[in-house]
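Working notes, beginning with the structure itself.
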Amino acid sequence: MRCKFCEKPAFIKLHYPKMYLCPEHFTEYFERKIKRTIERYKLLKPDERVLVVVSGGKDSAVTAYVLKKLGYDIECLHINLGIGEYSEKSEEHAQKQCEALGVPLHIVRVKELLGHGIGEVRTRRPTCSYCGLTKRYIFNKFAYDNGFDAVATGHNLDDEASFIFSNMMHWNTQYLAKQGPLTPGEGKFVKKIKPLYELTEREVVAYALANGIEYHSEECPHAHGATTLEFKEVLNDMEEKRPGTKINFVKGYLRKKHIFEAELEEVELRECKICGMPSSGEVCSFCRFWRLEEPLDFRVKKINGKGR
Ligand code: Q46
Ligand code: ZN
Ligand code: ZN
């Protein structure tokens with residue numbers, strides 16, 4: 001098959017909208033979609049400073065690559081979770097990606113910072129639950145301490161669709177009220193954006209391949225058996241039978257999100273007694289979980305007048 005727009009052989013067959021594209025026209029299509037997502041959901045203004053959270057995997061690598069290509073002022077943050085060899089390799093990939101892109105990379109190592117890696121803490125709390133809490137806190141506080149306007153993550157359409165699906169299955173209305181491509185900043189919460197919101201995992205993999213972006217493809221050892229993976233499989237089956245299922249599901253959710261917003265319980269936030277970040281209790285869940293007595297300070301030191 002040939003590309004829809006030129007004579008070159010097709011590199012990918014898109015199912016929705018259905019078309020065959022060569023690497024160049026697929027790259028153009030992919031980047032145009034990100035631009036449209038940024039405009040449609042008002043994710044970024046041209047002069048905003050963006051912190052891209054890079055895991056070493058494909059989604060965040062592609063996010064950083066495209067935002068840089070579109071001319072945004074980006075820096076990257078890698079959080080080394082301290083999960084043995086998996087984390088070491090992830091950090092190496094993040095370093096290579098940022099070197100190739102020529103963007104500054106900041107690294108925070110959980111084990112050095114907090115004494116234990118993810119998976120090493122004796123707790124009843126599921127590993128992924130405190131891992132998520134830890135990552136969210138660190139990237140927000142890092143961005144806040146260093147004056148970034150936004151934090152960009154690599155969540156793609158498959159991630160979003162499976163997240164919404166699983167939260168609907170459990171009727172977690174509180175979570176359903178707060179999902180989306182944009183979480184506006186408020187006080188010490190820095191704005192969060194998801195530029196890959198309307199692109200499928202398959203498209204992200206193809207973009208990385210077409211543009212020579214290398215990434216860590218191993219999965220985290222704790223991801224094994226995660227229910228979100230099962231939801232992804234169900235959605236993939238449905239997508240195959242009915243192309244467009246995922247995007248229509250997610251867009252439909254965004255249209256109906258107000259139903260869940262009406263159920264939002266108003267929580268009054270105050271400042272955590274330890275770190276000063278927003279918290280519903282006297283001490284925030286991060287400081288409580290890691291038993292902190294002093295706040296973490298992520299301010300990057302000035303080197304030769306550069307940095308902050
Ligand atoms: S939450 Fe769980 Fe992930 Fe953390 S412990 Fe690994 S699988 S990395 S997205
Ligand atoms: Zn073409
Ligand atoms: Zn705190």
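How things are named: the first chain in the structure tokens is A, the next is B, and so on; residues count from 1 in each chain; ligands count from 1 in the order shown.
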Within 10 Å of ligand 3 (only C-alpha atoms and all ligand atoms), residues as a PDB file with N, CA, C and O atoms, in the first residue's frame:
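As a result, selection_11.pdb now contains:
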ATOM      1  N   TYR A 137       3.905  13.794  44.207  1.00  0.00           N
ATOM      2  CA  TYR A 137       4.397  14.813  45.135  1.00  0.00           C
ATOM      3  C   TYR A 137       5.721  15.391  44.629  1.00  0.00           C
ATOM      4  O   TYR A 137       5.904  16.606  44.578  1.00  0.00           O
ATOM      5  N   GLU A 271      -2.025  24.128  54.901  1.00  0.00           N
ATOM      6  CA  GLU A 271      -0.623  23.836  54.605  1.00  0.00           C
ATOM      7  C   GLU A 271      -0.102  22.744  55.518  1.00  0.00           C
ATOM      8  O   GLU A 271      -0.325  22.786  56.728  1.00  0.00           O
ATOM      9  N   CYS A 272       0.585  21.778  54.919  1.00  0.00           N
ATOM     10  CA  CYS A 272       1.186  20.702  55.711  1.00  0.00           C
ATOM     11  C   CYS A 272       2.176  21.314  56.710  1.00  0.00           C
ATOM     12  O   CYS A 272       2.973  22.189  56.349  1.00  0.00           O
ATOM     13  N   LYS A 273       2.085  20.828  57.932  1.00  0.00           N
ATOM     14  CA  LYS A 273       2.911  21.382  59.019  1.00  0.00           C
ATOM     15  C   LYS A 273       4.411  21.126  58.771  1.00  0.00           C
ATOM     16  O   LYS A 273       5.273  21.856  59.222  1.00  0.00           O
ATOM     17  N   ILE A 274       4.723  20.078  58.015  1.00  0.00           N
ATOM     18  CA  ILE A 274       6.138  19.744  57.752  1.00  0.00           C
ATOM     19  C   ILE A 274       6.657  20.489  56.515  1.00  0.00           C
ATOM     20  O   ILE A 274       7.654  21.178  56.560  1.00  0.00           O
ATOM     21  N   CYS A 275       5.937  20.297  55.367  1.00  0.00           N
ATOM     22  CA  CYS A 275       6.511  20.787  54.102  1.00  0.00           C
ATOM     23  C   CYS A 275       5.840  22.049  53.568  1.00  0.00           C
ATOM     24  O   CYS A 275       6.337  22.660  52.626  1.00  0.00           O
ATOM     25  N   GLY A 276       4.694  22.403  54.123  1.00  0.00           N
ATOM     26  CA  GLY A 276       4.015  23.624  53.667  1.00  0.00           C
ATOM     27  C   GLY A 276       3.213  23.469  52.392  1.00  0.00           C
ATOM     28  O   GLY A 276       2.633  24.435  51.897  1.00  0.00           O
ATOM     29  N   MET A 277       3.168  22.243  51.845  1.00  0.00           N
ATOM     30  CA  MET A 277       2.390  22.029  50.625  1.00  0.00           C
ATOM     31  C   MET A 277       0.921  21.787  51.000  1.00  0.00           C
ATOM     32  O   MET A 277       0.614  21.473  52.150  1.00  0.00           O
ATOM     33  N   PRO A 278      -0.004  21.904  50.010  1.00  0.00           N
ATOM     34  CA  PRO A 278      -1.423  21.750  50.344  1.00  0.00           C
ATOM     35  C   PRO A 278      -1.735  20.359  50.909  1.00  0.00           C
ATOM     36  O   PRO A 278      -1.200  19.363  50.444  1.00  0.00           O
ATOM     37  N   SER A 279      -2.595  20.341  51.904  1.00  0.00           N
ATOM     38  CA  SER A 279      -2.899  19.072  52.568  1.00  0.00           C
ATOM     39  C   SER A 279      -4.308  19.130  53.161  1.00  0.00           C
ATOM     40  O   SER A 279      -4.755  20.181  53.589  1.00  0.00           O
ATOM     41  N   GLY A 281      -5.083  17.222  55.784  1.00  0.00           N
ATOM     42  CA  GLY A 281      -4.871  17.067  57.225  1.00  0.00           C
ATOM     43  C   GLY A 281      -3.734  17.956  57.694  1.00  0.00           C
ATOM     44  O   GLY A 281      -3.192  18.746  56.930  1.00  0.00           O
ATOM     45  N   GLU A 282      -3.365  17.760  58.965  1.00  0.00           N
ATOM     46  CA  GLU A 282      -2.295  18.588  59.529  1.00  0.00           C
ATOM     47  C   GLU A 282      -0.961  18.323  58.813  1.00  0.00           C
ATOM     48  O   GLU A 282      -0.179  19.219  58.542  1.00  0.00           O
ATOM     49  N   VAL A 283      -0.744  17.019  58.504  1.00  0.00           N
ATOM     50  CA  VAL A 283       0.466  16.617  57.780  1.00  0.00           C
ATOM     51  C   VAL A 283       0.018  15.981  56.467  1.00  0.00           C
ATOM     52  O   VAL A 283      -0.932  15.201  56.445  1.00  0.00           O
ATOM     53  N   CYS A 284       0.682  16.304  55.353  1.00  0.00           N
ATOM     54  CA  CYS A 284       0.227  15.770  54.060  1.00  0.00           C
ATOM     55  C   CYS A 284       0.545  14.276  53.940  1.00  0.00           C
ATOM     56  O   CYS A 284       1.358  13.748  54.701  1.00  0.00           O
ATOM     57  N   SER A 285      -0.123  13.594  53.006  1.00  0.00           N
ATOM     58  CA  SER A 285       0.040  12.143  52.941  1.00  0.00           C
ATOM     59  C   SER A 285       1.472  11.739  52.578  1.00  0.00           C
ATOM     60  O   SER A 285       1.948  10.694  52.993  1.00  0.00           O
ATOM     61  N   PHE A 286       2.171  12.573  51.829  1.00  0.00           N
ATOM     62  CA  PHE A 286       3.558  12.253  51.473  1.00  0.00           C
ATOM     63  C   PHE A 286       4.449  12.300  52.719  1.00  0.00           C
ATOM     64  O   PHE A 286       5.183  11.357  53.004  1.00  0.00           O
ATOM     65  N   CYS A 287       4.395  13.397  53.462  1.00  0.00           N
ATOM     66  CA  CYS A 287       5.231  13.526  54.664  1.00  0.00           C
ATOM     67  C   CYS A 287       4.864  12.463  55.700  1.00  0.00           C
ATOM     68  O   CYS A 287       5.725  11.937  56.403  1.00  0.00           O
ATOM     69  N   ARG A 288       3.561  12.130  55.758  1.00  0.00           N
ATOM     70  CA  ARG A 288       3.114  11.112  56.713  1.00  0.00           C
ATOM     71  C   ARG A 288       3.672   9.750  56.304  1.00  0.00           C
ATOM     72  O   ARG A 288       4.232   9.028  57.117  1.00  0.00           O
ATOM     73  N   PHE A 289       3.531   9.420  55.020  1.00  0.00           N
ATOM     74  CA  PHE A 289       3.969   8.102  54.562  1.00  0.00           C
ATOM     75  C   PHE A 289       5.475   7.923  54.754  1.00  0.00           C
ATOM     76  O   PHE A 289       5.936   6.896  55.242  1.00  0.00           O
ATOM     77  N   TRP A 290       6.247   8.943  54.384  1.00  0.00           N
ATOM     78  CA  TRP A 290       7.708   8.829  54.460  1.00  0.00           C
ATOM     79  C   TRP A 290       8.256   9.294  55.806  1.00  0.00           C
ATOM     80  O   TRP A 290       9.459   9.392  56.004  1.00  0.00           O
ATOM     81  N   ARG A 291       7.358   9.601  56.731  1.00  0.00           N
ATOM     82  CA  ARG A 291       7.729  10.032  58.096  1.00  0.00           C
ATOM     83  C   ARG A 291       8.771  11.153  58.090  1.00  0.00           C
ATOM     84  O   ARG A 291       9.807  11.065  58.750  1.00  0.00           O
ATOM     85  N   LEU A 292       8.485  12.162  57.308  1.00  0.00           N
ATOM     86  CA  LEU A 292       9.435  13.272  57.212  1.00  0.00           C
ATOM     87  C   LEU A 292       9.315  14.208  58.414  1.00  0.00           C
ATOM     88  O   LEU A 292       8.234  14.412  58.952  1.00  0.00           O
ATOM     89  N   GLU A 293      10.443  14.745  58.792  1.00  0.00           N
ATOM     90  CA  GLU A 293      10.424  15.747  59.862  1.00  0.00           C
ATOM     91  C   GLU A 293      10.826  17.112  59.329  1.00  0.00           C
ATOM     92  O   GLU A 293      10.591  18.136  59.949  1.00  0.00           O
ATOM     93  N   GLU A 294      11.477  17.077  58.163  1.00  0.00           N
ATOM     94  CA  GLU A 294      11.943  18.309  57.512  1.00  0.00           C
ATOM     95  C   GLU A 294      11.388  18.333  56.097  1.00  0.00           C
ATOM     96  O   GLU A 294      11.275  17.267  55.477  1.00  0.00           O
ATOM     97  N   PRO A 295      11.123  19.499  55.544  1.00  0.00           N
ATOM     98  CA  PRO A 295      10.650  19.518  54.152  1.00  0.00           C
ATOM     99  C   PRO A 295      11.773  19.167  53.174  1.00  0.00           C
ATOM    100  O   PRO A 295      12.941  19.394  53.464  1.00  0.00           O
ATOM    101  N   LEU A 296      11.400  18.618  52.019  1.00  0.00           N
ATOM    102  CA  LEU A 296      12.383  18.385  50.964  1.00  0.00           C
ATOM    103  C   LEU A 296      12.528  19.681  50.180  1.00  0.00           C
ATOM    104  O   LEU A 296      11.544  20.378  49.937  1.00  0.00           O
TER     105      LEU A 296
END
Could you tell me, counting only C-alpha atoms and all ligand atoms, which protein and nucleic acid residues lie no more than 9 Å from ligand 1, written as a PDB file with N, CA and C atoms, in the first residue's frame?
ATOM      1  N   SER A  55      10.320   9.087  32.195  1.00  0.00           N
ATOM      2  CA  SER A  55      10.540   7.839  32.935  1.00  0.00           C
ATOM      3  C   SER A  55      11.639   6.998  32.285  1.00  0.00           C
ATOM      4  N   LEU A  81      13.107   5.507  40.886  1.00  0.00           N
ATOM      5  CA  LEU A  81      12.252   4.955  41.944  1.00  0.00           C
ATOM      6  C   LEU A  81      12.977   3.987  42.877  1.00  0.00           C
ATOM      7  N   ILE A  83      13.918   0.903  42.106  1.00  0.00           N
ATOM      8  CA  ILE A  83      13.435  -0.477  41.909  1.00  0.00           C
ATOM      9  C   ILE A  83      14.533  -1.244  41.163  1.00  0.00           C
ATOM     10  N   ILE A 118      11.126   2.269  46.035  1.00  0.00           N
ATOM     11  CA  ILE A 118       9.728   1.820  45.928  1.00  0.00           C
ATOM     12  C   ILE A 118       9.740   0.281  45.945  1.00  0.00           C
ATOM     13  N   GLY A 119       8.885  -0.293  46.786  1.00  0.00           N
ATOM     14  CA  GLY A 119       8.857  -1.754  46.911  1.00  0.00           C
ATOM     15  C   GLY A 119       9.655  -2.230  48.117  1.00  0.00           C
ATOM     16  N   PRO A 126      -0.611  -0.790  48.968  1.00  0.00           N
ATOM     17  CA  PRO A 126      -0.071  -1.403  47.755  1.00  0.00           C
ATOM     18  C   PRO A 126       1.084  -0.580  47.179  1.00  0.00           C
ATOM     19  N   THR A 127       2.059  -1.276  46.607  1.00  0.00           N
ATOM     20  CA  THR A 127       3.269  -0.603  46.103  1.00  0.00           C
ATOM     21  C   THR A 127       2.929   0.511  45.116  1.00  0.00           C
ATOM     22  N   CYS A 128       2.061   0.189  44.137  1.00  0.00           N
ATOM     23  CA  CYS A 128       1.758   1.201  43.118  1.00  0.00           C
ATOM     24  C   CYS A 128       1.047   2.413  43.719  1.00  0.00           C
ATOM     25  N   SER A 129       0.349   2.203  44.810  1.00  0.00           N
ATOM     26  CA  SER A 129      -0.369   3.323  45.404  1.00  0.00           C
ATOM     27  C   SER A 129       0.617   4.318  46.031  1.00  0.00           C
ATOM     28  N   TYR A 130       1.591   3.827  46.803  1.00  0.00           N
ATOM     29  CA  TYR A 130       2.519   4.815  47.374  1.00  0.00           C
ATOM     30  C   TYR A 130       3.558   5.274  46.361  1.00  0.00           C
ATOM     31  N   CYS A 131       3.770   4.464  45.308  1.00  0.00           N
ATOM     32  CA  CYS A 131       4.657   4.917  44.235  1.00  0.00           C
ATOM     33  C   CYS A 131       4.015   6.137  43.551  1.00  0.00           C
ATOM     34  N   GLY A 132       2.724   6.025  43.247  1.00  0.00           N
ATOM     35  CA  GLY A 132       2.001   7.123  42.594  1.00  0.00           C
ATOM     36  C   GLY A 132       2.020   8.377  43.456  1.00  0.00           C
ATOM     37  N   LEU A 133       1.738   8.189  44.730  1.00  0.00           N
ATOM     38  CA  LEU A 133       1.743   9.317  45.679  1.00  0.00           C
ATOM     39  C   LEU A 133       3.116  10.002  45.677  1.00  0.00           C
ATOM     40  N   THR A 134       4.172   9.184  45.702  1.00  0.00           N
ATOM     41  CA  THR A 134       5.541   9.704  45.761  1.00  0.00           C
ATOM     42  C   THR A 134       5.898  10.470  44.486  1.00  0.00           C
ATOM     43  N   LYS A 135       5.588   9.864  43.341  1.00  0.00           N
ATOM     44  CA  LYS A 135       5.917  10.530  42.070  1.00  0.00           C
ATOM     45  C   LYS A 135       5.168  11.856  41.944  1.00  0.00           C
ATOM     46  N   GLU A 219       8.924  -3.499  31.343  1.00  0.00           N
ATOM     47  CA  GLU A 219       7.899  -2.984  32.236  1.00  0.00           C
ATOM     48  C   GLU A 219       8.368  -3.032  33.677  1.00  0.00           C
ATOM     49  N   CYS A 220       7.836  -2.168  34.494  1.00  0.00           N
ATOM     50  CA  CYS A 220       8.163  -2.184  35.912  1.00  0.00           C
ATOM     51  C   CYS A 220       7.747  -3.527  36.499  1.00  0.00           C
ATOM     52  N   PRO A 221       8.599  -4.156  37.339  1.00  0.00           N
ATOM     53  CA  PRO A 221       8.235  -5.467  37.893  1.00  0.00           C
ATOM     54  C   PRO A 221       6.936  -5.441  38.712  1.00  0.00           C
ATOM     55  N   HIS A 222       6.569  -4.265  39.228  1.00  0.00           N
ATOM     56  CA  HIS A 222       5.343  -4.188  40.039  1.00  0.00           C
ATOM     57  C   HIS A 222       4.085  -4.042  39.192  1.00  0.00           C
ATOM     58  N   ALA A 223       4.274  -3.798  37.883  1.00  0.00           N
ATOM     59  CA  ALA A 223       3.097  -3.600  37.018  1.00  0.00           C
ATOM     60  C   ALA A 223       2.405  -4.928  36.738  1.00  0.00           C
ATOM     61  N   HIS A 224       3.136  -6.011  36.960  1.00  0.00           N
ATOM     62  CA  HIS A 224       2.617  -7.326  36.637  1.00  0.00           C
ATOM     63  C   HIS A 224       1.268  -7.579  37.324  1.00  0.00           C
ATOM     64  N   ALA A 226      -1.387  -5.870  37.096  1.00  0.00           N
ATOM     65  CA  ALA A 226      -2.181  -4.675  37.405  1.00  0.00           C
ATOM     66  C   ALA A 226      -3.504  -4.723  36.620  1.00  0.00           C
TER      67      ALA A 226
END
Which residues in region 7-99 of chain A does DSSP call helix (DSSP H, G or I)? List them as a VMD selection string. chain A and resid 23 to 40 58 to 69 84 to 99
Closest-contact table, region 2-85 of chain A side, partner region 157-172 of chain A, 12 Å, counting only C-alpha atoms, as a tab-separated table:
residue	atom	partner	partner_atom	distance
A:Ile34	CA	A:Leu157	CA	11.9
A:Thr37	CA	A:Leu157	CA	11.8
A:Asp59	CA	A:Asp159	CA	10.4
Could I get the residue neighbourhood of ligand 2 at 9 Å, counting only C-alpha atoms and all ligand atoms, as a PDB file with N, CA and C atoms, in the first residue's frame?
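Wrote it out as part_11.pdb, contents follow:
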ATOM      1  N   ARG A   2       0.335   2.320  -0.609  1.00  0.00           N
ATOM      2  CA  ARG A   2       1.079   3.584  -0.663  1.00  0.00           C
ATOM      3  C   ARG A   2       0.462   4.579   0.329  1.00  0.00           C
ATOM      4  N   CYS A   3       1.290   5.568   0.683  1.00  0.00           N
ATOM      5  CA  CYS A   3       0.846   6.632   1.589  1.00  0.00           C
ATOM      6  C   CYS A   3      -0.315   7.395   0.930  1.00  0.00           C
ATOM      7  N   LYS A   4      -1.236   7.857   1.784  1.00  0.00           N
ATOM      8  CA  LYS A   4      -2.395   8.590   1.259  1.00  0.00           C
ATOM      9  C   LYS A   4      -1.986   9.903   0.578  1.00  0.00           C
ATOM     10  N   PHE A   5      -0.858  10.466   1.002  1.00  0.00           N
ATOM     11  CA  PHE A   5      -0.476  11.789   0.509  1.00  0.00           C
ATOM     12  C   PHE A   5       0.706  11.825  -0.446  1.00  0.00           C
ATOM     13  N   CYS A   6       1.417  10.709  -0.577  1.00  0.00           N
ATOM     14  CA  CYS A   6       2.546  10.706  -1.520  1.00  0.00           C
ATOM     15  C   CYS A   6       2.738   9.308  -2.095  1.00  0.00           C
ATOM     16  N   GLU A   7       3.806   9.169  -2.848  1.00  0.00           N
ATOM     17  CA  GLU A   7       4.035   7.912  -3.566  1.00  0.00           C
ATOM     18  C   GLU A   7       4.761   6.866  -2.733  1.00  0.00           C
ATOM     19  N   LYS A   8       5.227   7.285  -1.557  1.00  0.00           N
ATOM     20  CA  LYS A   8       6.064   6.374  -0.763  1.00  0.00           C
ATOM     21  C   LYS A   8       5.250   5.205  -0.214  1.00  0.00           C
ATOM     22  N   PRO A   9       5.957   4.076   0.065  1.00  0.00           N
ATOM     23  CA  PRO A   9       5.236   2.939   0.650  1.00  0.00           C
ATOM     24  C   PRO A   9       4.709   3.298   2.045  1.00  0.00           C
ATOM     25  N   ALA A  10       3.588   2.730   2.406  1.00  0.00           N
ATOM     26  CA  ALA A  10       2.988   3.034   3.711  1.00  0.00           C
ATOM     27  C   ALA A  10       3.828   2.431   4.823  1.00  0.00           C
ATOM     28  N   PHE A  11       3.886   3.163   5.937  1.00  0.00           N
ATOM     29  CA  PHE A  11       4.643   2.712   7.104  1.00  0.00           C
ATOM     30  C   PHE A  11       3.658   2.262   8.190  1.00  0.00           C
ATOM     31  N   TYR A  20      -3.503   5.012   5.199  1.00  0.00           N
ATOM     32  CA  TYR A  20      -2.125   4.523   5.191  1.00  0.00           C
ATOM     33  C   TYR A  20      -1.207   5.742   5.088  1.00  0.00           C
ATOM     34  N   LEU A  21      -0.121   5.746   5.881  1.00  0.00           N
ATOM     35  CA  LEU A  21       0.793   6.891   5.834  1.00  0.00           C
ATOM     36  C   LEU A  21       2.253   6.456   5.810  1.00  0.00           C
ATOM     37  N   CYS A  22       3.077   7.249   5.131  1.00  0.00           N
ATOM     38  CA  CYS A  22       4.525   7.021   5.140  1.00  0.00           C
ATOM     39  C   CYS A  22       5.071   7.648   6.436  1.00  0.00           C
ATOM     40  N   PRO A  23       6.350   7.388   6.786  1.00  0.00           N
ATOM     41  CA  PRO A  23       6.868   7.936   8.056  1.00  0.00           C
ATOM     42  C   PRO A  23       6.748   9.458   8.147  1.00  0.00           C
ATOM     43  N   GLU A  24       7.041  10.178   7.050  1.00  0.00           N
ATOM     44  CA  GLU A  24       7.007  11.654   7.103  1.00  0.00           C
ATOM     45  C   GLU A  24       5.580  12.165   7.303  1.00  0.00           C
ATOM     46  N   HIS A  25       4.644  11.587   6.552  1.00  0.00           N
ATOM     47  CA  HIS A  25       3.260  12.071   6.705  1.00  0.00           C
ATOM     48  C   HIS A  25       2.635  11.617   8.011  1.00  0.00           C
ATOM     49  N   PHE A  26       3.082  10.468   8.530  1.00  0.00           N
ATOM     50  CA  PHE A  26       2.593  10.047   9.842  1.00  0.00           C
ATOM     51  C   PHE A  26       3.125  11.002  10.913  1.00  0.00           C
TER      52      PHE A  26
END
Taking only C-alpha atoms into account, which of A:Asp145, A:Glu75, A:Glu240, A:Glu265 comes nearest Lys178 (chain A)? A:Glu265
If we count only C-alpha atoms and set the cut-off at 7 Å, which residues sit around Val110 (chain A), ignoring sequence neighbours fewer than 5 positions away in its own chain? Please answer as an mmCIF file with C-alpha atoms, in the first residue's frame.
data_model
loop_
_atom_site.group_PDB
_atom_site.id
_atom_site.type_symbol
_atom_site.label_atom_id
_atom_site.label_comp_id
_atom_site.auth_asym_id
_atom_site.auth_seq_id
_atom_site.Cartn_x
_atom_site.Cartn_y
_atom_site.Cartn_z
ATOM 1 C CA ASN A 80 14.624 7.140 39.924
ATOM 2 C CA LEU A 81 12.252 4.955 41.944
ATOM 3 C CA GLY A 82 14.963 2.700 43.371
ATOM 4 C CA HIS A 116 14.089 3.246 50.730
ATOM 5 C CA GLY A 117 13.268 2.485 47.136
#
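You will find CA of Pro195 (chain A) at 20.3 Å from CA of Gly147 (chain A).
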Contacts of Leu43 (chain A) at 9 Å (only C-alpha atoms; same-chain gap of 3+ positions) as an NGL selection string: :A and (37-40 or 150 or 181-184 or 191-195)
Write out, as a tab-separated table (two decimals), in the first residue's frame, the residues just selected, with N, CA, C and O atoms.
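Result file is part-v8.tsv:
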chain	number	residue	atom	x	y	z
A	37	THR	N	-4.38	19.32	20.29
A	37	THR	CA	-4.72	19.01	21.68
A	37	THR	C	-4.33	20.18	22.57
A	37	THR	O	-5.09	20.60	23.45
A	38	ILE	N	-3.12	20.73	22.34
A	38	ILE	CA	-2.65	21.86	23.15
A	38	ILE	C	-3.59	23.06	22.99
A	38	ILE	O	-3.95	23.71	23.96
A	39	GLU	N	-4.02	23.30	21.74
A	39	GLU	CA	-4.92	24.44	21.50
A	39	GLU	C	-6.33	24.18	22.04
A	39	GLU	O	-6.89	25.00	22.76
A	40	ARG	N	-6.87	23.02	21.69
A	40	ARG	CA	-8.26	22.73	22.06
A	40	ARG	C	-8.49	22.77	23.56
A	40	ARG	O	-9.48	23.29	24.05
A	150	ALA	N	4.22	24.56	34.20
A	150	ALA	CA	3.42	23.35	33.95
A	150	ALA	C	4.28	22.11	34.08
A	150	ALA	O	5.50	22.15	33.87
A	181	PRO	N	-7.17	16.15	30.19
A	181	PRO	CA	-5.87	16.53	29.64
A	181	PRO	C	-5.22	17.69	30.38
A	181	PRO	O	-4.03	17.91	30.29
A	182	LEU	N	-6.04	18.42	31.15
A	182	LEU	CA	-5.52	19.60	31.86
A	182	LEU	C	-6.03	19.62	33.29
A	182	LEU	O	-7.22	19.52	33.54
A	183	THR	N	-5.09	19.74	34.24
A	183	THR	CA	-5.48	20.01	35.62
A	183	THR	C	-4.90	21.39	35.92
A	183	THR	O	-3.68	21.54	35.99
A	184	PRO	N	-5.77	22.39	36.02
A	184	PRO	CA	-5.25	23.75	36.20
A	184	PRO	C	-4.44	23.88	37.48
A	184	PRO	O	-4.69	23.17	38.45
A	191	LYS	N	0.16	23.47	37.37
A	191	LYS	CA	-0.69	22.93	36.30
A	191	LYS	C	-0.11	21.63	35.73
A	191	LYS	O	1.09	21.52	35.51
A	192	LYS	N	-0.99	20.63	35.47
A	192	LYS	CA	-0.54	19.35	34.88
A	192	LYS	C	-1.17	19.20	33.50
A	192	LYS	O	-2.36	19.44	33.34
A	193	ILE	N	-0.35	18.79	32.53
A	193	ILE	CA	-0.88	18.64	31.18
A	193	ILE	C	-0.49	17.29	30.57
A	193	ILE	O	0.55	16.73	30.90
A	194	LYS	N	-1.35	16.81	29.65
A	194	LYS	CA	-1.11	15.52	28.98
A	194	LYS	C	-1.20	15.72	27.46
A	194	LYS	O	-2.26	15.52	26.87
A	195	PRO	N	-0.09	16.11	26.82
A	195	PRO	CA	-0.16	16.40	25.38
A	195	PRO	C	-0.52	15.20	24.51
A	195	PRO	O	-1.02	15.37	23.40
Which residue of A:Gly252, A:Tyr65, A:Glu263, A:Val190 approaches Asn146 (chain A) most closely, using only C-alpha atoms: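 Using only C-alpha atoms, the shortest distance to Asn146 (chain A) belongs to A:Val190.
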Ranking A:Ile12, A:Val53, A:Ala100, A:Met19 by minimum distance to Ile213 (chain A) and counting only C-alpha atoms, which one comes first? A:Ala100
